[in-house]
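Peer 1: Input work_31.pdb, format and content: PDB, C-alpha atoms.
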ATOM      1  CA  MET A   1     -63.136 -54.628  68.540
ATOM      2  CA  SER A   2     -66.197 -56.847  68.733
ATOM      3  CA  LEU A   3     -67.284 -57.045  72.347
ATOM      4  CA  VAL A   4     -69.642 -59.968  71.714
ATOM      5  CA  ALA A   5     -67.008 -62.086  70.004
ATOM      6  CA  HIS A   6     -64.648 -61.990  72.951
ATOM      7  CA  THR A   7     -66.733 -61.893  76.123
ATOM      8  CA  PRO A   8     -69.984 -63.266  77.578
ATOM      9  CA  ILE A   9     -72.893 -60.818  77.391
ATOM     10  CA  THR A  10     -76.054 -61.456  79.408
ATOM     11  CA  ARG A  11     -79.385 -59.711  78.901
ATOM     12  CA  LEU A  12     -79.415 -58.529  82.504
ATOM     13  CA  GLY A  13     -76.374 -56.812  83.968
ATOM     14  CA  LEU A  14     -75.568 -55.241  87.308
ATOM     15  CA  GLY A  15     -74.600 -51.591  87.627
ATOM     16  CA  LEU A  16     -72.634 -50.615  90.735
ATOM     17  CA  ALA A  17     -73.509 -46.913  90.930
ATOM     18  CA  ALA A  18     -75.486 -47.456  94.147
ATOM     19  CA  LEU A  19     -73.071 -49.979  95.683
ATOM     20  CA  GLY A  20     -69.746 -48.171  95.554
ATOM     21  CA  ARG A  21     -70.396 -44.946  97.485
ATOM     22  CA  PRO A  22     -72.441 -43.783 100.479
ATOM     23  CA  GLY A  23     -74.569 -41.284  98.557
ATOM     24  CA  TYR A  24     -76.604 -41.766  95.399
ATOM     25  CA  ILE A  25     -79.834 -40.425  93.891
ATOM     26  CA  ASN A  26     -81.861 -43.655  93.916
ATOM     27  CA  LEU A  27     -84.958 -43.246  96.060
ATOM     28  CA  GLY A  28     -84.356 -44.863  99.454
ATOM     29  CA  HIS A  29     -80.666 -45.479  98.813
ATOM     30  CA  GLY A  30     -79.541 -44.779 102.385
ATOM     31  CA  ALA A  31     -82.162 -47.089 103.855
ATOM     32  CA  ASP A  32     -81.067 -49.867 101.481
ATOM     33  CA  LEU A  33     -77.585 -49.617 102.971
ATOM     34  CA  GLY A  34     -79.004 -49.522 106.493
ATOM     35  CA  TYR A  35     -77.294 -46.124 106.771
ATOM     36  CA  VAL A  36     -74.037 -48.035 107.331
ATOM     37  CA  TYR A  37     -71.296 -46.292 105.379
ATOM     38  CA  ASP A  38     -68.135 -47.861 106.754
ATOM     39  CA  ALA A  39     -66.044 -48.766 103.714
ATOM     40  CA  ALA A  40     -65.352 -52.325 104.843
ATOM     41  CA  ALA A  41     -69.028 -52.921 105.585
ATOM     42  CA  MET A  42     -70.014 -51.486 102.216
ATOM     43  CA  GLN A  43     -67.543 -53.772 100.472
ATOM     44  CA  THR A  44     -69.026 -56.791 102.249
ATOM     45  CA  HIS A  45     -72.502 -55.634 101.282
ATOM     46  CA  ALA A  46     -71.461 -55.139  97.637
ATOM     47  CA  HIS A  47     -69.938 -58.623  97.586
ATOM     48  CA  THR A  48     -73.217 -60.080  98.879
ATOM     49  CA  VAL A  49     -75.142 -58.420  96.047
ATOM     50  CA  LEU A  50     -72.527 -59.577  93.534
ATOM     51  CA  ASP A  51     -72.840 -63.132  94.865
ATOM     52  CA  MET A  52     -76.577 -62.959  94.191
ATOM     53  CA  ALA A  53     -75.890 -61.637  90.694
ATOM     54  CA  TRP A  54     -73.609 -64.585  89.997
ATOM     55  CA  GLU A  55     -76.208 -67.019  91.322
ATOM     56  CA  LEU A  56     -78.803 -65.456  89.007
ATOM     57  CA  GLY A  57     -76.532 -65.926  85.984
ATOM     58  CA  ILE A  58     -75.581 -62.273  85.546
ATOM     59  CA  ARG A  59     -72.214 -61.961  83.839
ATOM     60  CA  TYR A  60     -72.108 -58.288  82.832
ATOM     61  CA  PHE A  61     -70.929 -55.777  85.461
ATOM     62  CA  ASP A  62     -70.795 -51.996  85.079
ATOM     63  CA  ALA A  63     -68.729 -49.551  87.123
ATOM     64  CA  ALA A  64     -67.135 -46.107  86.750
ATOM     65  CA  ARG A  65     -64.273 -44.125  88.225
ATOM     66  CA  SER A  66     -66.821 -41.789  89.857
ATOM     67  CA  TYR A  67     -68.762 -44.561  91.600
ATOM     68  CA  GLY A  68     -66.682 -44.215  94.759
ATOM     69  CA  ARG A  69     -64.991 -47.576  95.356
ATOM     70  CA  ALA A  70     -67.148 -49.582  92.940
ATOM     71  CA  GLU A  71     -64.202 -50.724  90.819
ATOM     72  CA  GLN A  72     -62.300 -51.744  93.950
ATOM     73  CA  PHE A  73     -65.279 -53.656  95.371
ATOM     74  CA  LEU A  74     -65.859 -55.413  92.062
ATOM     75  CA  GLY A  75     -62.202 -56.256  91.605
ATOM     76  CA  THR A  76     -61.802 -57.722  95.093
ATOM     77  CA  TRP A  77     -64.952 -59.799  94.602
ATOM     78  CA  LEU A  78     -63.782 -61.199  91.261
ATOM     79  CA  THR A  79     -60.422 -62.113  92.772
ATOM     80  CA  ALA A  80     -61.841 -63.559  95.999
ATOM     81  CA  ARG A  81     -64.298 -65.754  94.105
ATOM     82  CA  GLN A  82     -61.537 -66.847  91.684
ATOM     83  CA  ILE A  83     -63.635 -65.902  88.671
ATOM     84  CA  SER A  84     -61.591 -65.967  85.496
ATOM     85  CA  PRO A  85     -61.646 -62.973  83.132
ATOM     86  CA  ASP A  86     -63.194 -65.024  80.332
ATOM     87  CA  GLN A  87     -66.248 -65.789  82.484
ATOM     88  CA  VAL A  88     -67.450 -62.188  82.800
ATOM     89  CA  THR A  89     -67.671 -58.905  80.949
ATOM     90  CA  VAL A  90     -66.686 -55.838  82.954
ATOM     91  CA  GLY A  91     -67.289 -52.326  81.693
ATOM     92  CA  SER A  92     -66.205 -49.125  83.377
ATOM     93  CA  LYS A  93     -66.226 -45.434  82.555
ATOM     94  CA  TRP A  94     -63.924 -42.444  82.702
ATOM     95  CA  GLY A  95     -64.541 -38.702  82.680
ATOM     96  CA  TYR A  96     -65.949 -37.972  86.144
ATOM     97  CA  THR A  97     -63.824 -37.779  89.285
ATOM     98  CA  TYR A  98     -65.423 -38.769  92.599
ATOM     99  CA  THR A  99     -65.159 -35.811  94.991
ATOM    100  CA  ALA A 100     -67.617 -36.517  97.839
ATOM    101  CA  ASP A 101     -64.879 -37.817 100.174
ATOM    102  CA  TRP A 102     -67.063 -40.744 101.267
ATOM    103  CA  GLN A 103     -69.848 -38.429 102.464
ATOM    104  CA  VAL A 104     -73.582 -38.658 101.720
ATOM    105  CA  GLU A 105     -73.836 -34.869 101.522
ATOM    106  CA  ALA A 106     -71.268 -32.959  99.515
ATOM    107  CA  GLU A 107     -71.081 -29.751  97.528
ATOM    108  CA  HIS A 108     -70.048 -31.793  94.490
ATOM    109  CA  HIS A 109     -70.271 -35.576  94.368
ATOM    110  CA  GLU A 110     -68.385 -35.823  91.091
ATOM    111  CA  ILE A 111     -66.679 -33.430  88.703
ATOM    112  CA  LYS A 112     -66.746 -33.954  84.948
ATOM    113  CA  GLU A 113     -63.688 -33.404  82.775
ATOM    114  CA  HIS A 114     -63.224 -35.095  79.402
ATOM    115  CA  SER A 115     -59.570 -34.224  78.920
ATOM    116  CA  LEU A 116     -56.723 -36.384  77.679
ATOM    117  CA  ALA A 117     -55.008 -36.071  81.060
ATOM    118  CA  VAL A 118     -58.068 -37.396  82.888
ATOM    119  CA  LEU A 119     -58.451 -40.294  80.446
ATOM    120  CA  GLN A 120     -54.807 -41.292  80.833
ATOM    121  CA  ARG A 121     -54.977 -41.043  84.617
ATOM    122  CA  GLN A 122     -58.251 -42.875  85.005
ATOM    123  CA  ILE A 123     -57.509 -45.779  82.664
ATOM    124  CA  GLY A 124     -54.478 -46.446  84.841
ATOM    125  CA  GLU A 125     -56.603 -46.316  87.986
ATOM    126  CA  SER A 126     -59.265 -48.590  86.491
ATOM    127  CA  ARG A 127     -56.653 -51.145  85.494
ATOM    128  CA  VAL A 128     -55.215 -51.184  89.011
ATOM    129  CA  HIS A 129     -58.589 -52.311  90.355
ATOM    130  CA  LEU A 130     -59.891 -54.400  87.456
ATOM    131  CA  GLY A 131     -56.800 -55.646  85.631
ATOM    132  CA  SER A 132     -57.538 -58.092  82.836
ATOM    133  CA  TYR A 133     -61.230 -58.204  83.783
ATOM    134  CA  LEU A 134     -61.758 -54.795  82.156
ATOM    135  CA  LYS A 135     -63.140 -55.357  78.650
ATOM    136  CA  LEU A 136     -65.057 -52.144  77.866
ATOM    137  CA  TYR A 137     -64.038 -48.569  78.698
ATOM    138  CA  GLN A 138     -66.619 -45.873  78.106
ATOM    139  CA  ILE A 139     -66.670 -42.084  78.012
ATOM    140  CA  HIS A 140     -68.883 -41.170  80.964
ATOM    141  CA  SER A 141     -71.762 -38.947  79.818
ATOM    142  CA  ALA A 142     -70.514 -38.023  76.359
ATOM    143  CA  THR A 143     -72.800 -35.056  75.731
ATOM    144  CA  LEU A 144     -72.468 -32.750  72.758
ATOM    145  CA  GLU A 145     -71.895 -29.894  75.187
ATOM    146  CA  SER A 146     -68.763 -31.537  76.613
ATOM    147  CA  GLY A 147     -67.093 -31.485  73.192
ATOM    148  CA  VAL A 148     -65.456 -34.856  73.795
ATOM    149  CA  LEU A 149     -66.644 -36.308  70.485
ATOM    150  CA  ASP A 150     -64.652 -33.599  68.707
ATOM    151  CA  ASN A 151     -61.583 -33.826  70.949
ATOM    152  CA  ARG A 152     -59.042 -35.389  68.610
ATOM    153  CA  PRO A 153     -56.314 -36.136  71.213
ATOM    154  CA  VAL A 154     -58.867 -37.978  73.382
ATOM    155  CA  LEU A 155     -60.289 -39.881  70.421
ATOM    156  CA  ASP A 156     -56.773 -40.792  69.267
ATOM    157  CA  GLU A 157     -56.014 -42.183  72.727
ATOM    158  CA  LEU A 158     -59.243 -44.187  72.739
ATOM    159  CA  ALA A 159     -58.319 -45.568  69.326
ATOM    160  CA  ARG A 160     -54.923 -46.566  70.743
ATOM    161  CA  LEU A 161     -56.654 -48.357  73.621
ATOM    162  CA  ARG A 162     -58.839 -50.152  71.109
ATOM    163  CA  THR A 163     -55.850 -51.414  69.146
ATOM    164  CA  SER A 164     -54.423 -52.757  72.427
ATOM    165  CA  GLY A 165     -57.486 -55.002  72.761
ATOM    166  CA  LEU A 166     -59.830 -52.905  74.912
ATOM    167  CA  ALA A 167     -63.284 -52.179  73.507
ATOM    168  CA  VAL A 168     -64.302 -48.533  73.844
ATOM    169  CA  GLY A 169     -67.759 -47.056  74.151
ATOM    170  CA  LEU A 170     -69.658 -44.136  75.589
ATOM    171  CA  SER A 171     -72.473 -43.481  77.992
ATOM    172  CA  LEU A 172     -75.118 -40.846  77.293
ATOM    173  CA  SER A 173     -77.241 -38.564  79.424
ATOM    174  CA  GLY A 174     -79.497 -35.558  79.094
ATOM    175  CA  PRO A 175     -82.287 -34.637  76.690
ATOM    176  CA  ARG A 176     -79.985 -34.815  73.633
ATOM    177  CA  GLN A 177     -78.984 -38.462  73.959
ATOM    178  CA  ALA A 178     -80.119 -39.236  70.415
ATOM    179  CA  GLU A 179     -78.015 -36.431  68.921
ATOM    180  CA  SER A 180     -74.955 -37.518  70.886
ATOM    181  CA  LEU A 181     -75.385 -41.096  69.717
ATOM    182  CA  ALA A 182     -75.740 -39.991  66.098
ATOM    183  CA  LYS A 183     -72.521 -37.998  66.445
ATOM    184  CA  ALA A 184     -70.717 -40.977  67.986
ATOM    185  CA  MET A 185     -71.659 -43.141  65.015
ATOM    186  CA  THR A 186     -69.662 -40.824  62.722
ATOM    187  CA  VAL A 187     -66.380 -41.172  64.647
ATOM    188  CA  ARG A 188     -64.293 -43.591  62.634
ATOM    189  CA  TYR A 189     -60.750 -44.935  62.746
ATOM    190  CA  ASP A 190     -59.246 -47.284  60.190
ATOM    191  CA  GLY A 191     -62.577 -47.396  58.379
ATOM    192  CA  GLU A 192     -64.528 -48.585  61.427
ATOM    193  CA  CYS A 193     -66.628 -46.847  64.031
ATOM    194  CA  LEU A 194     -64.452 -46.184  67.070
ATOM    195  CA  PHE A 195     -67.157 -47.207  69.525
ATOM    196  CA  ALA A 196     -68.371 -50.734  70.180
ATOM    197  CA  ALA A 197     -71.071 -49.893  72.720
ATOM    198  CA  ALA A 198     -73.377 -47.137  73.900
ATOM    199  CA  GLN A 199     -74.908 -46.975  77.360
ATOM    200  CA  LEU A 200     -78.054 -44.884  77.502
ATOM    201  CA  THR A 201     -81.088 -44.042  79.626
ATOM    202  CA  PHE A 202     -84.343 -45.552  78.396
ATOM    203  CA  ASN A 203     -87.419 -46.362  80.447
ATOM    204  CA  LEU A 204     -91.182 -45.910  80.508
ATOM    205  CA  LEU A 205     -90.744 -42.221  81.308
ATOM    206  CA  GLU A 206     -87.841 -41.463  78.933
ATOM    207  CA  THR A 207     -88.148 -43.054  75.492
ATOM    208  CA  SER A 208     -86.716 -40.302  73.305
ATOM    209  CA  VAL A 209     -83.524 -42.182  72.390
ATOM    210  CA  GLY A 210     -85.328 -45.310  71.191
ATOM    211  CA  ALA A 211     -85.139 -44.716  67.442
ATOM    212  CA  ALA A 212     -81.475 -43.702  67.622
ATOM    213  CA  ALA A 213     -80.701 -46.777  69.733
ATOM    214  CA  ALA A 214     -82.325 -49.006  67.124
ATOM    215  CA  GLU A 215     -80.229 -47.392  64.395
ATOM    216  CA  ALA A 216     -77.014 -47.804  66.382
ATOM    217  CA  HIS A 217     -77.879 -51.432  67.153
ATOM    218  CA  ALA A 218     -78.390 -52.086  63.440
ATOM    219  CA  ALA A 219     -74.960 -50.537  62.819
ATOM    220  CA  GLY A 220     -73.337 -53.018  65.219
ATOM    221  CA  PHE A 221     -73.346 -51.210  68.567
ATOM    222  CA  ILE A 222     -74.011 -53.125  71.774
ATOM    223  CA  ILE A 223     -76.728 -51.072  73.472
ATOM    224  CA  ILE A 224     -76.544 -51.063  77.271
ATOM    225  CA  VAL A 225     -79.540 -49.561  79.054
ATOM    226  CA  LYS A 226     -79.231 -47.849  82.413
ATOM    227  CA  GLU A 227     -81.842 -46.417  84.790
ATOM    228  CA  ALA A 228     -84.623 -48.720  83.618
ATOM    229  CA  VAL A 229     -86.588 -47.927  86.794
ATOM    230  CA  ALA A 230     -85.784 -44.203  86.594
ATOM    231  CA  ASN A 231     -83.780 -44.105  89.841
ATOM    232  CA  GLY A 232     -86.743 -45.534  91.730
ATOM    233  CA  ARG A 233     -89.470 -43.403  90.179
ATOM    234  CA  LEU A 234     -90.896 -46.567  88.586
ATOM    235  CA  THR A 235     -91.047 -48.479  91.872
ATOM    236  CA  PRO A 236     -93.420 -48.391  94.865
ATOM    237  CA  ARG A 237     -91.063 -45.897  96.538
ATOM    238  CA  HIS A 238     -92.202 -43.091  94.279
ATOM    239  CA  ASN A 239     -94.991 -41.410  96.249
ATOM    240  CA  ASP A 240     -95.287 -38.079  94.441
ATOM    241  CA  PRO A 241     -99.065 -37.382  94.301
ATOM    242  CA  ALA A 242     -98.665 -36.023  90.779
ATOM    243  CA  PHE A 243     -97.555 -39.482  89.644
ATOM    244  CA  THR A 244    -100.470 -41.342  91.262
ATOM    245  CA  PRO A 245    -102.495 -41.905  88.040
ATOM    246  CA  GLN A 246     -99.484 -43.299  86.155
ATOM    247  CA  LYS A 247     -98.481 -45.451  89.092
ATOM    248  CA  ALA A 248    -102.011 -46.853  89.291
ATOM    249  CA  GLN A 249    -101.815 -47.894  85.622
ATOM    250  CA  LEU A 250     -98.555 -49.734  86.237
ATOM    251  CA  GLU A 251     -99.897 -51.406  89.370
ATOM    252  CA  THR A 252    -102.886 -52.705  87.395
ATOM    253  CA  ILE A 253    -100.599 -54.258  84.776
ATOM    254  CA  ALA A 254     -98.259 -55.663  87.417
ATOM    255  CA  ALA A 255    -101.184 -57.291  89.220
ATOM    256  CA  ALA A 256    -102.436 -58.817  85.966
ATOM    257  CA  TYR A 257     -99.051 -60.425  85.348
ATOM    258  CA  HIS A 258     -98.390 -61.296  89.009
ATOM    259  CA  THR A 259     -95.211 -59.252  89.148
ATOM    260  CA  THR A 260     -93.694 -56.175  90.773
ATOM    261  CA  LEU A 261     -93.391 -52.628  89.475
ATOM    262  CA  ASP A 262     -89.627 -52.857  89.139
ATOM    263  CA  ALA A 263     -89.741 -56.146  87.204
ATOM    264  CA  LEU A 264     -92.495 -54.702  85.023
ATOM    265  CA  SER A 265     -90.415 -51.623  84.234
ATOM    266  CA  LEU A 266     -87.369 -53.713  83.392
ATOM    267  CA  ALA A 267     -89.500 -55.976  81.198
ATOM    268  CA  PHE A 268     -90.518 -52.943  79.135
ATOM    269  CA  VAL A 269     -86.866 -52.253  78.367
ATOM    270  CA  LEU A 270     -85.938 -55.891  77.812
ATOM    271  CA  ALA A 271     -88.697 -56.097  75.206
ATOM    272  CA  GLN A 272     -86.935 -53.551  72.992
ATOM    273  CA  PRO A 273     -85.277 -55.522  70.166
ATOM    274  CA  TRP A 274     -82.238 -53.271  70.209
ATOM    275  CA  ALA A 275     -81.537 -53.606  73.946
ATOM    276  CA  GLY A 276     -78.446 -55.776  74.371
ATOM    277  CA  VAL A 277     -77.843 -55.488  78.125
ATOM    278  CA  VAL A 278     -80.276 -53.972  80.617
ATOM    279  CA  LEU A 279     -78.680 -52.935  83.882
ATOM    280  CA  SER A 280     -80.203 -53.530  87.271
ATOM    281  CA  GLY A 281     -79.175 -50.827  89.699
ATOM    282  CA  ALA A 282     -80.145 -52.943  92.707
ATOM    283  CA  THR A 283     -78.699 -52.085  96.105
ATOM    284  CA  THR A 284     -79.818 -55.261  97.895
ATOM    285  CA  PRO A 285     -79.951 -58.958  96.986
ATOM    286  CA  GLU A 286     -83.744 -58.873  97.364
ATOM    287  CA  GLN A 287     -84.043 -56.032  94.855
ATOM    288  CA  LEU A 288     -81.830 -57.894  92.415
ATOM    289  CA  GLN A 289     -83.938 -61.052  92.699
ATOM    290  CA  ALA A 290     -87.082 -59.007  92.059
ATOM    291  CA  ASN A 291     -85.435 -57.315  89.070
ATOM    292  CA  ALA A 292     -84.402 -60.658  87.579
ATOM    293  CA  ALA A 293     -88.037 -61.744  87.426
ATOM    294  CA  ALA A 294     -88.335 -59.407  84.436
ATOM    295  CA  LEU A 295     -86.473 -61.957  82.316
ATOM    296  CA  SER A 296     -89.443 -64.332  82.426
ATOM    297  CA  LEU A 297     -92.129 -61.732  81.686
ATOM    298  CA  SER A 298     -93.759 -61.556  78.272
ATOM    299  CA  ILE A 299     -96.156 -58.638  77.944
ATOM    300  CA  PRO A 300     -97.769 -57.729  74.598
ATOM    301  CA  PRO A 301     -96.944 -54.282  73.189
ATOM    302  CA  GLU A 302    -100.556 -53.135  73.361
ATOM    303  CA  ALA A 303    -100.592 -53.611  77.149
ATOM    304  CA  TRP A 304     -98.092 -50.827  77.792
ATOM    305  CA  PRO A 305     -99.400 -47.363  78.666
ATOM    306  CA  ASN A 306     -97.729 -44.292  77.197
ATOM    307  CA  LEU A 307     -96.112 -42.634  80.216
ATOM    308  CA  ALA A 308     -93.279 -40.886  78.379
ATOM    309  CA  GLU A 309     -92.427 -37.398  79.546
ATOM    310  CA  PRO A 310     -90.851 -34.663  77.402
ATOM    311  CA  PRO A 311     -87.067 -35.208  77.658
ATOM    312  CA  ASP A 312     -86.396 -31.788  79.156
ATOM    313  CA  GLN A 313     -88.960 -32.478  81.875
ATOM    314  CA  TYR A 314     -87.589 -35.934  82.621
ATOM    315  CA  TRP A 315     -83.995 -34.767  82.948
ATOM    316  CA  HIS A 316     -84.959 -31.738  85.015
ATOM    317  CA  THR A 317     -86.811 -34.000  87.453
ATOM    318  CA  ARG A 318     -83.847 -36.347  87.613
ATOM    319  CA  SER A 319     -81.511 -33.450  88.378
ATOM    320  CA  GLN A 320     -83.654 -32.559  91.397
ATOM    321  CA  LEU A 321     -83.463 -36.004  93.014
ATOM    322  CA  PRO A 322     -81.630 -35.755  96.344
ATOM    323  CA  TRP A 323     -78.447 -37.633  97.128
ATOM    324  CA  ASN A 324     -79.254 -39.920 100.049
TER
END
Could you rewrite the structure in this file as structure tokens?
Peer 2:
Amino acid sequence: MSLVAHTPITRLGLGLAALGRPGYINLGHGADLGYVYDAAAMQTHAHTVLDMAWELGIRYFDAARSYGRAEQFLGTWLTARQISPDQVTVGSKWGYTYTADWQVEAEHHEIKEHSLAVLQRQIGESRVHLGSYLKLYQIHSATLESGVLDNRPVLDELARLRTSGLAVGLSLSGPRQAESLAKAMTVRYDGECLFAAAQLTFNLLETSVGAAAAEAHAAGFIIIVKEAVANGRLTPRHNDPAFTPQKAQLETIAAAYHTTLDALSLAFVLAQPWAGVVLSGATTPEQLQANAAALSLSIPPEAWPNLAEPPDQYWHTRSQLPWN
């Protein structure tokens, strides 16, 4: 199924990972929520951010079953604002189950299982909250290690969902994103690649999947980029002394172009010719407005410093970020 042919796609999208649950790994997440974790208050807050997204022209929204109540918050907003399904593109993901019980601190915030039973359960749950708004359903973190890209019953079920009119895709994570994407491109049904979209991590610190993303884009994939500001590591909130020299380079460029570090980091990703949708992970309307400024930035390739870390290092650092 061609996602582009049936739904509006905007260059900037909004991811709800930080809006649907009390705890997340973005730097300063708790402070952004004012440390108010009442579910009703969080829904109101999410709706305020979604209102700003709509005002800014954002029409792509990304959720997941493991993002707490993100699907519920998004669904109630779409209904309350009387937005028709043909005005937006909503993607969600299956494969992780939220297990933090609405707590900031938990032994496990989410548990991964790429089984047929989980897919069948979670697509039903997603449809309860999102109904006909749901256009894209993605395997959440389809790593080679999970074996999901060789799981024939799961792939058969995804193919069945595709024939029913739902586009299917996958999100990637870890240092082997490029290998996972290459594997996904070989999964075919009825002579076509099963997947319409791939959501991946790409930013100034993690560029290893770039060549594979370009190849997938050329093959017809919609490439959705997440974590463009590296969970806050590419914003002023990142105060690790070891990152001071790199941060100073970015601040110099940002000053030259009269912009912010977050907009600068998003602009780097938006400049990639293969990037279809770049997700903002904003938790507040102010952050989202600052992120959207990236759309008007034009920075020549030679101005960008090389800050890329080895993939193993990047993903190890990410795994150590605290839930807050």
Peer 1: Residues within 10 Å of Trp77 of chain A, please, as a list in words. Count all atoms listed in the file; anything in the same chain fewer than 5 positions from it doesn't count.
Peer 2: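 Using all atoms listed in the file, the neighbours found are Gln43, Thr44, Ala46, His47, Thr48, Leu50, Asp51, Glu71, Gln72, Gln82 and Ile83 of chain A.
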Peer 1: Apply the PyMOL selection byres ((chain A and resi 136-143) around 8) to the displayed file and report the matching residues as a PDB file with C-alpha atoms, in the coordinates of the input.
Peer 2:
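Output saved as result.pdb:
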ATOM      1  CA  LEU A   3     -67.284 -57.045  72.347  1.00  0.00           C
ATOM      2  CA  ALA A  64     -67.135 -46.107  86.750  1.00  0.00           C
ATOM      3  CA  THR A  89     -67.671 -58.905  80.949  1.00  0.00           C
ATOM      4  CA  VAL A  90     -66.686 -55.838  82.954  1.00  0.00           C
ATOM      5  CA  GLY A  91     -67.289 -52.326  81.693  1.00  0.00           C
ATOM      6  CA  SER A  92     -66.205 -49.125  83.377  1.00  0.00           C
ATOM      7  CA  LYS A  93     -66.226 -45.434  82.555  1.00  0.00           C
ATOM      8  CA  TRP A  94     -63.924 -42.444  82.702  1.00  0.00           C
ATOM      9  CA  GLY A  95     -64.541 -38.702  82.680  1.00  0.00           C
ATOM     10  CA  TYR A  96     -65.949 -37.972  86.144  1.00  0.00           C
ATOM     11  CA  HIS A 114     -63.224 -35.095  79.402  1.00  0.00           C
ATOM     12  CA  LEU A 134     -61.758 -54.795  82.156  1.00  0.00           C
ATOM     13  CA  LYS A 135     -63.140 -55.357  78.650  1.00  0.00           C
ATOM     14  CA  LEU A 144     -72.468 -32.750  72.758  1.00  0.00           C
ATOM     15  CA  GLU A 145     -71.895 -29.894  75.187  1.00  0.00           C
ATOM     16  CA  SER A 146     -68.763 -31.537  76.613  1.00  0.00           C
ATOM     17  CA  GLY A 147     -67.093 -31.485  73.192  1.00  0.00           C
ATOM     18  CA  VAL A 148     -65.456 -34.856  73.795  1.00  0.00           C
ATOM     19  CA  LEU A 149     -66.644 -36.308  70.485  1.00  0.00           C
ATOM     20  CA  LEU A 166     -59.830 -52.905  74.912  1.00  0.00           C
ATOM     21  CA  ALA A 167     -63.284 -52.179  73.507  1.00  0.00           C
ATOM     22  CA  VAL A 168     -64.302 -48.533  73.844  1.00  0.00           C
ATOM     23  CA  GLY A 169     -67.759 -47.056  74.151  1.00  0.00           C
ATOM     24  CA  LEU A 170     -69.658 -44.136  75.589  1.00  0.00           C
ATOM     25  CA  SER A 171     -72.473 -43.481  77.992  1.00  0.00           C
ATOM     26  CA  LEU A 172     -75.118 -40.846  77.293  1.00  0.00           C
ATOM     27  CA  SER A 173     -77.241 -38.564  79.424  1.00  0.00           C
ATOM     28  CA  GLY A 174     -79.497 -35.558  79.094  1.00  0.00           C
ATOM     29  CA  ARG A 176     -79.985 -34.815  73.633  1.00  0.00           C
ATOM     30  CA  GLN A 177     -78.984 -38.462  73.959  1.00  0.00           C
ATOM     31  CA  SER A 180     -74.955 -37.518  70.886  1.00  0.00           C
TER      32      SER A 180
END
Peer 1: Can you spell out as a PDB file with C-alpha atoms, in the frame of the given file the set of residues that the PyMOL selection byres ((chain A and resi 280-292) around 9) selects in the structure I just provided?
Peer 2:
ATOM      1  CA  LEU A  12     -79.415 -58.529  82.504  1.00  0.00           C
ATOM      2  CA  GLY A  13     -76.374 -56.812  83.968  1.00  0.00           C
ATOM      3  CA  LEU A  14     -75.568 -55.241  87.308  1.00  0.00           C
ATOM      4  CA  GLY A  15     -74.600 -51.591  87.627  1.00  0.00           C
ATOM      5  CA  LEU A  16     -72.634 -50.615  90.735  1.00  0.00           C
ATOM      6  CA  ALA A  17     -73.509 -46.913  90.930  1.00  0.00           C
ATOM      7  CA  ALA A  18     -75.486 -47.456  94.147  1.00  0.00           C
ATOM      8  CA  LEU A  19     -73.071 -49.979  95.683  1.00  0.00           C
ATOM      9  CA  ASN A  26     -81.861 -43.655  93.916  1.00  0.00           C
ATOM     10  CA  HIS A  29     -80.666 -45.479  98.813  1.00  0.00           C
ATOM     11  CA  ASP A  32     -81.067 -49.867 101.481  1.00  0.00           C
ATOM     12  CA  LEU A  33     -77.585 -49.617 102.971  1.00  0.00           C
ATOM     13  CA  HIS A  45     -72.502 -55.634 101.282  1.00  0.00           C
ATOM     14  CA  ALA A  46     -71.461 -55.139  97.637  1.00  0.00           C
ATOM     15  CA  THR A  48     -73.217 -60.080  98.879  1.00  0.00           C
ATOM     16  CA  VAL A  49     -75.142 -58.420  96.047  1.00  0.00           C
ATOM     17  CA  LEU A  50     -72.527 -59.577  93.534  1.00  0.00           C
ATOM     18  CA  ASP A  51     -72.840 -63.132  94.865  1.00  0.00           C
ATOM     19  CA  MET A  52     -76.577 -62.959  94.191  1.00  0.00           C
ATOM     20  CA  ALA A  53     -75.890 -61.637  90.694  1.00  0.00           C
ATOM     21  CA  LEU A  56     -78.803 -65.456  89.007  1.00  0.00           C
ATOM     22  CA  LYS A 226     -79.231 -47.849  82.413  1.00  0.00           C
ATOM     23  CA  GLU A 227     -81.842 -46.417  84.790  1.00  0.00           C
ATOM     24  CA  ALA A 228     -84.623 -48.720  83.618  1.00  0.00           C
ATOM     25  CA  VAL A 229     -86.588 -47.927  86.794  1.00  0.00           C
ATOM     26  CA  ASN A 231     -83.780 -44.105  89.841  1.00  0.00           C
ATOM     27  CA  THR A 259     -95.211 -59.252  89.148  1.00  0.00           C
ATOM     28  CA  THR A 260     -93.694 -56.175  90.773  1.00  0.00           C
ATOM     29  CA  ASP A 262     -89.627 -52.857  89.139  1.00  0.00           C
ATOM     30  CA  ALA A 263     -89.741 -56.146  87.204  1.00  0.00           C
ATOM     31  CA  LEU A 264     -92.495 -54.702  85.023  1.00  0.00           C
ATOM     32  CA  SER A 265     -90.415 -51.623  84.234  1.00  0.00           C
ATOM     33  CA  LEU A 266     -87.369 -53.713  83.392  1.00  0.00           C
ATOM     34  CA  ALA A 267     -89.500 -55.976  81.198  1.00  0.00           C
ATOM     35  CA  VAL A 278     -80.276 -53.972  80.617  1.00  0.00           C
ATOM     36  CA  LEU A 279     -78.680 -52.935  83.882  1.00  0.00           C
ATOM     37  CA  ALA A 293     -88.037 -61.744  87.426  1.00  0.00           C
ATOM     38  CA  ALA A 294     -88.335 -59.407  84.436  1.00  0.00           C
ATOM     39  CA  LEU A 295     -86.473 -61.957  82.316  1.00  0.00           C
ATOM     40  CA  SER A 296     -89.443 -64.332  82.426  1.00  0.00           C
TER      41      SER A 296
END
Peer 1: Expressed in Å to a single decimal, how great is the separation between atom CA of Leu155 of chain A and atom CA of Ile9 of chain A?
Peer 2: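 So the two atoms, atom CA of Leu155 of chain A and atom CA of Ile9 of chain A, lie 25.4 Å apart.
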